[in-house]
Amino acid sequence: DEDSGIWKPIDVSGLTFGDEGFYLDYENSGALGADVSGESNNFTVNNLTAIDQSTDTCTNNFATWNPLRKHLGHTATFSEGNTIVEQGQAGQTQSVFSTMAVSTGKWYAEFQCSSNAANFGFGIARINAANSGGLDVFPSSLGGVAYFPNGNISSYQGGDANSDTGTTFVYTDIIGILFDLDNTRIYFYKNDTLVNSGGFNYSVSTDTAGSSLETTYYFAAGGNDDGTNPILQANFGGSSGFAISSGNTDGNGFGNFEFATKDGYALCTKNLAEFG
């Protein structure tokens with residue numbers, strides 16, 4: 001765009017293609033190589049599955065795990081478009097954060113741990129969280145809230161506080177998070193079932209030193225590698241670190257989720273422009 005300097009797709013309605021031309025719009029997930037120019041010069045898809053596809057485009061970017069925001073002294077391997085992170089050092093901890101942060105609005109994302117890890121959790125963290133935090137101190141050092149397999153929701157409100165949901169989960173379960181910043185509530189779902197009725201009030205005005213707290217948050221996850229190599233997978237709507245069998249969008253028609261978004265929105269640039 002000559003005014004903004006931002007790359008934008010051009011209108012292709014006037015293009016001609018000739019006998020050998022083709023136009024791939026990638027709208028058919030079952031046939032990504034379909035030529036829609038009218039010339040039927042189709043491409044054959046090879047070594048691509050549903051998990052390799054994304055609705056992320058140059059005009060609407062979705063959040064992923066941020067490979068630049070991790071424990072600086074520990075090993076973490078990011079893959080599948082940064083929707084998966086695997087810890088690789090026994091006995092060490094790791095926390096990861098979304099590439100986008102929010103301070104207003106209502107947001108939804110889904111998470112899963114793909115290996116039989118002993119210690120991991122999913123939740124939120126303030127943007128001024130230290131990169132050195134891990135599950136053993138998550139979320140206390142990260143100023144946030146997390147839901148753990150033992151059923152506890154742990155938070156830091158001038159001191160650690162726990163809320164036992166009575167609902168445990170395992171590494172194969174999909175954990176949905178509805179994060180309502182306008183009402184300072186966070187809701188956790190196990191395979192689409194709410195585990196904390198009424199939500200958890202994460203709000204706190206000051207930290208233990210009495211200073212004002214940051215009110216902008218990432219989605220976050222933490223794991224402790226005690227030899228089980230936790231693999232933390234995220235679905236922020238653009239692409240998913242785990243297989244999606246249903247396909248739910250948010251109220252604006254964005255995202256691809258396993259479960260309904262409960263009036264929350266996918267964490268993407270178009271939604272940020274409207275609600276963030």
# chains A, B, ... in the order shown; residues from 1 in each chain; ligands from 1
>>> closest_atom_pairs(of="segment 54-134 of chain A", to="segment 178-185 of chain A", cutoff="7 Å", atoms="only C-alpha atoms", output="CSV")
residue,atom,partner,partner_atom,distance
A:Ser103,CA,A:Leu181,CA,6.4
A:Thr104,CA,A:Leu181,CA,5.1
A:Gly105,CA,A:Leu181,CA,5.6
A:Lys106,CA,A:Asp180,CA,4.3
A:Trp107,CA,A:Phe179,CA,5.1
A:Tyr108,CA,A:Leu178,CA,4.6
A:Ala109,CA,A:Leu178,CA,7.0
>>> select_by_dssp(residues="segment 15-217 of chain A", states="strand (DSSP E or B)", output="ChimeraX atom specification")
/A:24,35,57,60,62,65,76-79,84-87,92-102,106-113,119-126,145-147,152-156,160-164,175-180,185-190,193-194,200-201,206,212,217
>>> closest_atom_pairs(of="segment 11-116 of chain A", to="segment 214-221 of chain A", cutoff="10 Å", atoms="only C-alpha atoms", output="CSV")
residue,atom,partner,partner_atom,distance
A:Ala63,CA,A:Phe219,CA,9.6
A:Thr64,CA,A:Phe219,CA,9.7
A:Trp65,CA,A:Ala220,CA,8.4
A:Asn66,CA,A:Ala220,CA,9.9
A:Val85,CA,A:Ala221,CA,9.9
A:Gln94,CA,A:Ala221,CA,8.4
A:Ser95,CA,A:Ala221,CA,5.6
A:Val96,CA,A:Ala221,CA,5.5
A:Phe97,CA,A:Ala220,CA,4.4
A:Ser98,CA,A:Phe219,CA,5.3
A:Thr99,CA,A:Tyr218,CA,7.7
A:Met100,CA,A:Tyr218,CA,6.5
A:Ala101,CA,A:Tyr218,CA,4.6
A:Val102,CA,A:Thr216,CA,5.4
A:Ser103,CA,A:Thr216,CA,4.3
A:Thr104,CA,A:Thr216,CA,8.1
A:Trp107,CA,A:Phe219,CA,9.6
A:Tyr108,CA,A:Phe219,CA,9.5
A:Ala109,CA,A:Phe219,CA,8.2
A:Phe111,CA,A:Ala221,CA,8.7
A:Gln112,CA,A:Ala221,CA,9.9
A:Cys113,CA,A:Ala221,CA,9.9
>>> residues_around(residues="Gly18 of chain A", least_positions_apart="4", cutoff="10 Å", atoms="only C-alpha atoms", output="list in words")
Phe22, Ser37, Gly38 and Glu39 of chain A
>>> write_last_selection(atoms="N, CA and C atoms", output="PDB file, in the first residue's frame")
ATOM      1  N   PHE A  22      -2.208 -20.402 -13.370  1.00  0.00           N
ATOM      2  CA  PHE A  22      -2.994 -20.983 -12.279  1.00  0.00           C
ATOM      3  C   PHE A  22      -3.190 -19.939 -11.190  1.00  0.00           C
ATOM      4  N   SER A  37      -8.457 -20.726 -11.320  1.00  0.00           N
ATOM      5  CA  SER A  37      -8.372 -19.772 -12.430  1.00  0.00           C
ATOM      6  C   SER A  37      -9.312 -20.117 -13.570  1.00  0.00           C
ATOM      7  N   GLY A  38      -9.798 -21.359 -13.574  1.00  0.00           N
ATOM      8  CA  GLY A  38     -10.606 -21.840 -14.683  1.00  0.00           C
ATOM      9  C   GLY A  38      -9.831 -22.700 -15.649  1.00  0.00           C
ATOM     10  N   GLU A  39      -8.504 -22.782 -15.449  1.00  0.00           N
ATOM     11  CA  GLU A  39      -7.647 -23.562 -16.350  1.00  0.00           C
ATOM     12  C   GLU A  39      -7.434 -24.992 -15.884  1.00  0.00           C
TER      13      GLU A  39
END
>>> closest_residue(among="A:Val12, A:Phe242, A:Gly151, A:Gln87", to="Lys70 of chain A", atoms="only C-alpha atoms")
A:Gln87
>>> atom_distance(atom1="atom CA of Phe122 of chain A", atom2="atom CA of Val145 of chain A")
8.2 Å
>>> atom_distance(atom1="atom CA of Asn271 of chain A", atom2="atom CA of Ser13 of chain A")
27.4 Å
